[in-house]
file protein_39.pdb (PDB, C-alpha atoms)
ATOM      1  CA  MET A   1     -46.174  32.407 -11.768
ATOM      2  CA  ASP A   2     -49.747  32.765 -10.580
ATOM      3  CA  ILE A   3     -51.091  33.512  -7.068
ATOM      4  CA  ALA A   4     -51.405  29.792  -6.230
ATOM      5  CA  ASP A   5     -47.736  29.196  -7.182
ATOM      6  CA  TRP A   6     -46.503  32.075  -5.008
ATOM      7  CA  ARG A   7     -48.619  30.733  -2.151
ATOM      8  CA  LYS A   8     -46.978  27.308  -2.461
ATOM      9  CA  LYS A   9     -43.632  29.078  -2.201
ATOM     10  CA  ILE A  10     -44.839  30.968   0.900
ATOM     11  CA  ASP A  11     -46.049  27.702   2.484
ATOM     12  CA  ALA A  12     -42.598  26.133   1.912
ATOM     13  CA  ILE A  13     -40.879  29.212   3.416
ATOM     14  CA  ASP A  14     -43.230  29.037   6.418
ATOM     15  CA  GLN A  15     -42.171  25.426   7.085
ATOM     16  CA  GLN A  16     -38.588  26.643   7.367
ATOM     17  CA  LEU A  17     -39.616  29.634   9.510
ATOM     18  CA  VAL A  18     -41.411  27.325  11.964
ATOM     19  CA  ALA A  19     -38.302  25.118  12.237
ATOM     20  CA  LEU A  20     -36.001  28.108  12.835
ATOM     21  CA  LEU A  21     -38.374  29.701  15.353
ATOM     22  CA  ASN A  22     -38.424  26.417  17.301
ATOM     23  CA  GLN A  23     -34.601  26.349  17.261
ATOM     24  CA  ARG A  24     -34.521  29.984  18.419
ATOM     25  CA  CYS A  25     -36.975  29.134  21.184
ATOM     26  CA  GLU A  26     -34.744  26.246  22.382
ATOM     27  CA  CYS A  27     -31.839  28.685  22.679
ATOM     28  CA  ALA A  28     -34.003  31.221  24.528
ATOM     29  CA  LEU A  29     -35.196  28.561  26.990
ATOM     30  CA  ALA A  30     -31.589  27.453  27.631
ATOM     31  CA  ILE A  31     -30.625  31.080  28.299
ATOM     32  CA  GLY A  32     -33.685  31.494  30.559
ATOM     33  CA  ALA A  33     -32.605  28.477  32.640
ATOM     34  CA  LEU A  34     -29.055  29.864  33.005
ATOM     35  CA  LYS A  35     -30.447  33.278  33.983
ATOM     36  CA  ARG A  36     -32.654  31.734  36.660
ATOM     37  CA  GLU A  37     -29.703  29.718  38.064
ATOM     38  CA  ARG A  38     -27.759  32.978  38.381
ATOM     39  CA  ALA A  39     -30.709  35.170  39.442
ATOM     40  CA  LEU A  40     -30.199  37.390  36.366
ATOM     41  CA  PRO A  41     -33.123  39.431  34.956
ATOM     42  CA  ILE A  42     -35.066  37.824  32.053
ATOM     43  CA  ALA A  43     -35.639  41.115  30.193
ATOM     44  CA  GLU A  44     -32.382  42.601  28.872
ATOM     45  CA  PRO A  45     -32.985  45.734  26.794
ATOM     46  CA  VAL A  46     -29.273  46.075  25.889
ATOM     47  CA  ARG A  47     -29.227  42.556  24.400
ATOM     48  CA  GLU A  48     -32.494  43.240  22.556
ATOM     49  CA  ASP A  49     -30.959  46.383  21.026
ATOM     50  CA  ALA A  50     -27.930  44.310  19.937
ATOM     51  CA  VAL A  51     -30.275  41.732  18.331
ATOM     52  CA  MET A  52     -32.023  44.508  16.375
ATOM     53  CA  ALA A  53     -28.660  45.939  15.243
ATOM     54  CA  ASN A  54     -27.617  42.449  14.022
ATOM     55  CA  LEU A  55     -30.906  42.175  12.118
ATOM     56  CA  HIS A  56     -30.375  45.506  10.368
ATOM     57  CA  THR A  57     -26.848  44.472   9.369
ATOM     58  CA  ALA A  58     -28.182  41.133   8.048
ATOM     59  CA  ASN A  59     -30.954  42.957   6.195
ATOM     60  CA  ARG A  60     -28.448  45.198   4.373
ATOM     61  CA  THR A  61     -26.771  42.106   2.875
ATOM     62  CA  GLN A  62     -30.109  40.915   1.424
ATOM     63  CA  GLN A  63     -31.545  41.913  -1.953
ATOM     64  CA  GLY A  64     -34.513  43.250   0.059
ATOM     65  CA  PRO A  65     -37.444  43.951  -0.153
ATOM     66  CA  LEU A  66     -38.281  43.919   3.582
ATOM     67  CA  PRO A  67     -37.748  47.350   5.208
ATOM     68  CA  ASP A  68     -35.973  47.502   8.595
ATOM     69  CA  ALA A  69     -39.156  48.953  10.144
ATOM     70  CA  ALA A  70     -41.140  45.825   9.176
ATOM     71  CA  LEU A  71     -38.358  43.592  10.498
ATOM     72  CA  ASP A  72     -38.426  45.526  13.780
ATOM     73  CA  GLU A  73     -42.168  44.901  14.181
ATOM     74  CA  ILE A  74     -41.774  41.180  13.426
ATOM     75  CA  PHE A  75     -38.825  40.706  15.797
ATOM     76  CA  THR A  76     -40.525  42.720  18.523
ATOM     77  CA  ALA A  77     -43.251  40.032  18.387
ATOM     78  CA  ILE A  78     -40.675  37.190  18.253
ATOM     79  CA  MET A  79     -38.699  38.514  21.229
ATOM     80  CA  ALA A  80     -41.874  39.197  23.235
ATOM     81  CA  GLN A  81     -42.924  35.550  22.807
ATOM     82  CA  MET A  82     -39.438  34.243  23.662
ATOM     83  CA  ARG A  83     -39.282  36.468  26.775
ATOM     84  CA  HIS A  84     -42.698  35.218  27.816
ATOM     85  CA  LEU A  85     -41.589  31.561  27.431
ATOM     86  CA  GLN A  86     -38.309  32.262  29.269
ATOM     87  CA  SER A  87     -40.334  33.620  32.188
ATOM     88  CA  ALA A  88     -42.742  30.671  32.313
ATOM     89  CA  PRO A  89     -40.959  27.661  30.801
ATOM     90  CA  ASP A  90     -43.294  25.015  32.275
TER      91      ASP A  90
ATOM     92  CA  MET B   1     -22.870  26.026  26.675
ATOM     93  CA  ASP B   2     -22.977  29.420  28.338
ATOM     94  CA  ILE B   3     -25.268  32.394  27.657
ATOM     95  CA  ALA B   4     -22.805  33.932  25.138
ATOM     96  CA  ASP B   5     -22.700  30.637  23.152
ATOM     97  CA  TRP B   6     -26.494  30.407  22.976
ATOM     98  CA  ARG B   7     -26.612  34.034  21.857
ATOM     99  CA  LYS B   8     -24.183  33.295  19.007
ATOM    100  CA  LYS B   9     -26.531  30.497  17.971
ATOM    101  CA  ILE B  10     -29.511  32.894  18.119
ATOM    102  CA  ASP B  11     -27.624  35.455  16.003
ATOM    103  CA  ALA B  12     -26.920  32.793  13.351
ATOM    104  CA  ILE B  13     -30.598  31.712  13.365
ATOM    105  CA  ASP B  14     -31.651  35.361  13.011
ATOM    106  CA  GLN B  15     -29.506  35.708   9.852
ATOM    107  CA  GLN B  16     -31.499  32.844   8.339
ATOM    108  CA  LEU B  17     -34.811  34.287   9.559
ATOM    109  CA  VAL B  18     -34.026  37.645   7.894
ATOM    110  CA  ALA B  19     -33.234  35.868   4.597
ATOM    111  CA  LEU B  20     -36.465  33.824   4.724
ATOM    112  CA  LEU B  21     -38.592  36.825   5.693
ATOM    113  CA  ASN B  22     -37.190  38.715   2.694
ATOM    114  CA  GLN B  23     -38.052  35.758   0.437
ATOM    115  CA  ARG B  24     -41.544  35.632   1.939
ATOM    116  CA  CYS B  25     -41.906  39.359   1.343
ATOM    117  CA  GLU B  26     -40.919  38.956  -2.333
ATOM    118  CA  CYS B  27     -43.694  36.389  -2.733
ATOM    119  CA  ALA B  28     -46.204  38.631  -0.945
ATOM    120  CA  LEU B  29     -45.305  41.585  -3.191
ATOM    121  CA  ALA B  30     -45.703  39.420  -6.311
ATOM    122  CA  ILE B  31     -49.143  38.327  -5.069
ATOM    123  CA  GLY B  32     -50.019  41.954  -4.275
ATOM    124  CA  ALA B  33     -49.171  42.992  -7.853
ATOM    125  CA  LEU B  34     -51.333  40.182  -9.286
ATOM    126  CA  LYS B  35     -54.199  41.123  -6.966
ATOM    127  CA  ARG B  36     -54.022  44.757  -8.065
ATOM    128  CA  GLU B  37     -54.015  43.727 -11.752
ATOM    129  CA  ARG B  38     -57.195  41.741 -11.121
ATOM    130  CA  ALA B  39     -58.792  44.185  -8.659
ATOM    131  CA  LEU B  40     -58.829  41.499  -5.948
ATOM    132  CA  PRO B  41     -58.873  42.470  -2.243
ATOM    133  CA  ILE B  42     -55.447  42.584  -0.482
ATOM    134  CA  ALA B  43     -56.765  41.217   2.830
ATOM    135  CA  GLU B  44     -57.940  37.597   2.559
ATOM    136  CA  PRO B  45     -59.002  36.159   5.913
ATOM    137  CA  VAL B  46     -59.647  32.680   4.433
ATOM    138  CA  ARG B  47     -56.057  32.489   3.115
ATOM    139  CA  GLU B  48     -54.710  33.765   6.426
ATOM    140  CA  ASP B  49     -56.613  31.010   8.255
ATOM    141  CA  ALA B  50     -55.111  28.458   5.833
ATOM    142  CA  VAL B  51     -51.614  29.833   6.532
ATOM    143  CA  MET B  52     -52.174  29.434  10.286
ATOM    144  CA  ALA B  53     -53.448  25.859   9.788
ATOM    145  CA  ASN B  54     -50.272  25.055   7.760
ATOM    146  CA  LEU B  55     -48.148  26.490  10.558
ATOM    147  CA  HIS B  56     -49.825  24.344  13.195
ATOM    148  CA  THR B  57     -49.301  21.231  11.038
ATOM    149  CA  ALA B  58     -45.624  22.167  10.549
ATOM    150  CA  ASN B  59     -45.272  22.812  14.285
ATOM    151  CA  ARG B  60     -46.566  19.339  15.146
ATOM    152  CA  THR B  61     -43.706  17.775  13.124
ATOM    153  CA  GLN B  62     -41.116  19.737  15.161
ATOM    154  CA  GLN B  63     -39.567  18.613  18.428
ATOM    155  CA  GLY B  64     -41.041  21.841  19.874
ATOM    156  CA  PRO B  65     -40.738  23.807  22.130
ATOM    157  CA  LEU B  66     -42.684  26.712  20.575
ATOM    158  CA  PRO B  67     -46.415  26.555  21.448
ATOM    159  CA  ASP B  68     -48.960  27.190  18.652
ATOM    160  CA  ALA B  69     -50.206  30.271  20.528
ATOM    161  CA  ALA B  70     -46.729  31.878  20.350
ATOM    162  CA  LEU B  71     -46.468  30.977  16.659
ATOM    163  CA  ASP B  72     -49.870  32.605  16.079
ATOM    164  CA  GLU B  73     -48.701  35.869  17.679
ATOM    165  CA  ILE B  74     -45.481  35.887  15.615
ATOM    166  CA  PHE B  75     -47.231  35.133  12.311
ATOM    167  CA  THR B  76     -49.964  37.659  13.027
ATOM    168  CA  ALA B  77     -47.133  40.250  13.091
ATOM    169  CA  ILE B  78     -45.496  38.772   9.951
ATOM    170  CA  MET B  79     -48.750  38.752   7.970
ATOM    171  CA  ALA B  80     -49.673  42.281   9.143
ATOM    172  CA  GLN B  81     -46.339  43.590   7.804
ATOM    173  CA  MET B  82     -46.697  41.678   4.519
ATOM    174  CA  ARG B  83     -50.269  42.944   4.059
ATOM    175  CA  HIS B  84     -49.083  46.490   4.741
ATOM    176  CA  LEU B  85     -46.314  46.165   2.105
ATOM    177  CA  GLN B  86     -48.734  44.586  -0.395
ATOM    178  CA  SER B  87     -51.005  47.611   0.003
ATOM    179  CA  ALA B  88     -48.207  50.171  -0.427
ATOM    180  CA  PRO B  89     -45.431  48.509  -2.443
ATOM    181  CA  ASP B  90     -43.661  51.734  -3.503
TER     182      ASP B  90
END
call {"tool": "encode", "arguments": {"input": "protein_39.pdb", "output": "structure tokens"}}
result
Amino acid sequence: MDIADWRKKIDAIDQQLVALLNQRCECALAIGALKRERALPIAEPVREDAVMANLHTANRTQQGPLPDAALDEIFTAIMAQMRHLQSAPD
Amino acid sequence: MDIADWRKKIDAIDQQLVALLNQRCECALAIGALKRERALPIAEPVREDAVMANLHTANRTQQGPLPDAALDEIFTAIMAQMRHLQSAPD
């Protein structure tokens, strides 16, 4: 496979990533609404630690090659965006 | 659905995200190896712009709710990690 073929594969993966990130965002917005109803804090470091632990467990079942440290950076960005949208859903 | 139910849904989505990010990383490493063979630069701003344009097109076909700006922040982190791994694959 040449560079252009791998890029087509990446573009197809990105389509799926966009769909999943939208689904994840829907869930985060639903949680944000429930938290506001109950006057709970939006930021929950204990839950975020649990999410990271789940990710590391999931990553161990993969063939790799993504290191946990890279996954942590990516999900730090994902959770920051979700937290931001939970805080300002409109 | 309560907060715990939405979180279960998020955890299931995250399993799929980890799998896709590993697949994306495999592609990026394959491209990195080809670039090294041909002495091509690892960082390619024009390709990264094309990736972002693909993401925005994909995002328009979704029901939402993730804004393009949030997607940009998330994929900036994804591409930074992939670029880093392409540069130092071992």
call {"tool": "atom_distance", "arguments": {"input": "protein_39.pdb", "atom1": "atom CA of B:Asn22", "atom2": "atom CA of A:Met79"}}
result
18.6 Å
call {"tool": "axis_aligned_box", "arguments": {"input": "protein_39.pdb", "around": "stretch 58-70 of chain B", "padding_each_side": "5 Å", "output": "JSON"}}
result
{"center_x": -44.9, "center_y": 24.8, "center_z": 16.3, "size_x": 20.6, "size_y": 24.1, "size_z": 21.6}
call {"tool": "interface_residues", "arguments": {"input": "protein_39.pdb", "of": "chain B", "to": "chain A", "cutoff": "7 Å", "atoms": "all atoms listed in the file", "output": "short mmCIF file (atom, residue, chain, number, x, y, z; two decimals) with C-alpha atoms, keeping the file's coordinate frame"}}
result
data_model
loop_
_atom_site.label_atom_id
_atom_site.label_comp_id
_atom_site.auth_asym_id
_atom_site.auth_seq_id
_atom_site.Cartn_x
_atom_site.Cartn_y
_atom_site.Cartn_z
CA ILE B 3 -25.27 32.39 27.66
CA TRP B 6 -26.49 30.41 22.98
CA ILE B 10 -29.51 32.89 18.12
CA ILE B 13 -30.60 31.71 13.36
CA ASP B 14 -31.65 35.36 13.01
CA GLN B 15 -29.51 35.71 9.85
CA LEU B 17 -34.81 34.29 9.56
CA VAL B 18 -34.03 37.65 7.89
CA ALA B 19 -33.23 35.87 4.60
CA LEU B 20 -36.47 33.82 4.72
CA ASN B 22 -37.19 38.72 2.69
CA ARG B 24 -41.54 35.63 1.94
CA CYS B 25 -41.91 39.36 1.34
CA GLU B 26 -40.92 38.96 -2.33
CA CYS B 27 -43.69 36.39 -2.73
CA ILE B 31 -49.14 38.33 -5.07
CA LEU B 55 -48.15 26.49 10.56
CA ALA B 58 -45.62 22.17 10.55
CA ASN B 59 -45.27 22.81 14.28
CA GLN B 62 -41.12 19.74 15.16
CA GLY B 64 -41.04 21.84 19.87
CA PRO B 65 -40.74 23.81 22.13
CA LEU B 66 -42.68 26.71 20.58
CA ALA B 70 -46.73 31.88 20.35
CA GLU B 73 -48.70 35.87 17.68
CA ILE B 74 -45.48 35.89 15.62
CA ALA B 77 -47.13 40.25 13.09
CA ILE B 78 -45.50 38.77 9.95
CA GLN B 81 -46.34 43.59 7.80
#
call {"tool": "atom_distance", "arguments": {"input": "protein_39.pdb", "atom1": "atom CA of A:Val46", "atom2": "atom CA of A:Ala88"}}
result
21.4 Å
call {"tool": "atom_distance", "arguments": {"input": "protein_39.pdb", "atom1": "atom CA of B:Ser87", "atom2": "atom CA of B:Leu40"}}
result
11.6 Å
call {"tool": "decode", "arguments": {"input": "protein_39.pdb", "residues": "stretch 39-50 of chain B", "atoms": "all heavy atoms", "output": "mmCIF file, in the first residue's frame"}}
result
data_model
loop_
_atom_site.group_PDB
_atom_site.id
_atom_site.type_symbol
_atom_site.label_atom_id
_atom_site.label_comp_id
_atom_site.auth_asym_id
_atom_site.auth_seq_id
_atom_site.Cartn_x
_atom_site.Cartn_y
_atom_site.Cartn_z
ATOM 1 N N ALA B 39 12.622 10.020 2.209
ATOM 2 C CA ALA B 39 13.138 11.288 2.746
ATOM 3 C C ALA B 39 12.134 12.438 2.589
ATOM 4 O O ALA B 39 12.502 13.574 2.295
ATOM 5 C CB ALA B 39 14.484 11.650 2.109
ATOM 6 N N LEU B 40 10.859 12.111 2.812
ATOM 7 C CA LEU B 40 9.805 13.147 2.775
ATOM 8 C C LEU B 40 9.614 13.719 4.185
ATOM 9 O O LEU B 40 9.881 13.032 5.172
ATOM 10 C CB LEU B 40 8.481 12.528 2.294
ATOM 11 C CG LEU B 40 8.436 12.051 0.843
ATOM 12 C CD1 LEU B 40 7.161 11.237 0.582
ATOM 13 C CD2 LEU B 40 8.506 13.234 -0.111
ATOM 14 N N PRO B 41 9.153 14.972 4.295
ATOM 15 C CA PRO B 41 8.936 15.547 5.632
ATOM 16 C C PRO B 41 7.774 14.858 6.361
ATOM 17 O O PRO B 41 6.788 14.466 5.720
ATOM 18 C CB PRO B 41 8.605 17.017 5.347
ATOM 19 C CG PRO B 41 8.127 17.045 3.932
ATOM 20 C CD PRO B 41 8.826 15.918 3.221
ATOM 21 N N ILE B 42 7.908 14.689 7.701
ATOM 22 C CA ILE B 42 6.835 14.068 8.504
ATOM 23 C C ILE B 42 5.636 15.019 8.599
ATOM 24 O O ILE B 42 4.494 14.607 8.391
ATOM 25 C CB ILE B 42 7.357 13.695 9.919
ATOM 26 C CG1 ILE B 42 8.377 12.544 9.832
ATOM 27 C CG2 ILE B 42 6.214 13.337 10.861
ATOM 28 C CD1 ILE B 42 7.847 11.212 9.347
ATOM 29 N N ALA B 43 5.903 16.287 8.919
ATOM 30 C CA ALA B 43 4.805 17.253 9.062
ATOM 31 C C ALA B 43 4.368 17.733 7.682
ATOM 32 O O ALA B 43 5.212 18.143 6.865
ATOM 33 C CB ALA B 43 5.262 18.433 9.911
ATOM 34 N N GLU B 44 3.049 17.648 7.416
ATOM 35 C CA GLU B 44 2.531 18.080 6.112
ATOM 36 C C GLU B 44 1.274 18.912 6.314
ATOM 37 O O GLU B 44 0.157 18.376 6.312
ATOM 38 C CB GLU B 44 2.207 16.854 5.256
ATOM 39 C CG GLU B 44 3.425 16.245 4.617
ATOM 40 C CD GLU B 44 3.024 15.263 3.522
ATOM 41 O OE1 GLU B 44 2.756 15.673 2.384
ATOM 42 O OE2 GLU B 44 2.960 14.076 3.841
ATOM 43 N N PRO B 45 1.460 20.221 6.486
ATOM 44 C CA PRO B 45 0.321 21.099 6.782
ATOM 45 C C PRO B 45 -0.806 20.999 5.750
ATOM 46 O O PRO B 45 -1.982 21.079 6.120
ATOM 47 C CB PRO B 45 0.940 22.499 6.798
ATOM 48 C CG PRO B 45 2.406 22.282 7.032
ATOM 49 C CD PRO B 45 2.739 20.954 6.449
ATOM 50 N N VAL B 46 -0.472 20.801 4.469
ATOM 51 C CA VAL B 46 -1.517 20.735 3.435
ATOM 52 C C VAL B 46 -2.403 19.503 3.666
ATOM 53 O O VAL B 46 -3.631 19.563 3.577
ATOM 54 C CB VAL B 46 -0.892 20.688 2.015
ATOM 55 C CG1 VAL B 46 -1.954 20.410 0.949
ATOM 56 C CG2 VAL B 46 -0.189 22.019 1.710
ATOM 57 N N ARG B 47 -1.782 18.368 4.001
ATOM 58 C CA ARG B 47 -2.550 17.152 4.302
ATOM 59 C C ARG B 47 -3.389 17.355 5.563
ATOM 60 O O ARG B 47 -4.541 16.943 5.623
ATOM 61 C CB ARG B 47 -1.598 15.964 4.456
ATOM 62 C CG ARG B 47 -2.194 14.725 5.098
ATOM 63 C CD ARG B 47 -3.324 14.076 4.294
ATOM 64 N NE ARG B 47 -3.900 12.944 5.029
ATOM 65 C CZ ARG B 47 -5.076 12.411 4.782
ATOM 66 N NH1 ARG B 47 -5.844 12.867 3.798
ATOM 67 N NH2 ARG B 47 -5.532 11.403 5.488
ATOM 68 N N GLU B 48 -2.817 18.024 6.549
ATOM 69 C CA GLU B 48 -3.570 18.227 7.796
ATOM 70 C C GLU B 48 -4.794 19.119 7.553
ATOM 71 O O GLU B 48 -5.856 18.893 8.132
ATOM 72 C CB GLU B 48 -2.663 18.776 8.906
ATOM 73 C CG GLU B 48 -1.578 17.748 9.257
ATOM 74 C CD GLU B 48 -0.887 17.969 10.608
ATOM 75 O OE1 GLU B 48 -1.250 18.915 11.333
ATOM 76 O OE2 GLU B 48 0.020 17.172 10.916
ATOM 77 N N ASP B 49 -4.645 20.101 6.674
ATOM 78 C CA ASP B 49 -5.798 20.940 6.304
ATOM 79 C C ASP B 49 -6.861 20.095 5.595
ATOM 80 O O ASP B 49 -8.066 20.275 5.823
ATOM 81 C CB ASP B 49 -5.364 22.083 5.371
ATOM 82 C CG ASP B 49 -4.563 23.150 6.119
ATOM 83 O OD1 ASP B 49 -4.524 23.117 7.362
ATOM 84 O OD2 ASP B 49 -3.965 24.012 5.445
ATOM 85 N N ALA B 50 -6.417 19.160 4.738
ATOM 86 C CA ALA B 50 -7.358 18.304 4.012
ATOM 87 C C ALA B 50 -8.101 17.391 4.989
ATOM 88 O O ALA B 50 -9.311 17.156 4.844
ATOM 89 C CB ALA B 50 -6.618 17.470 2.958
#
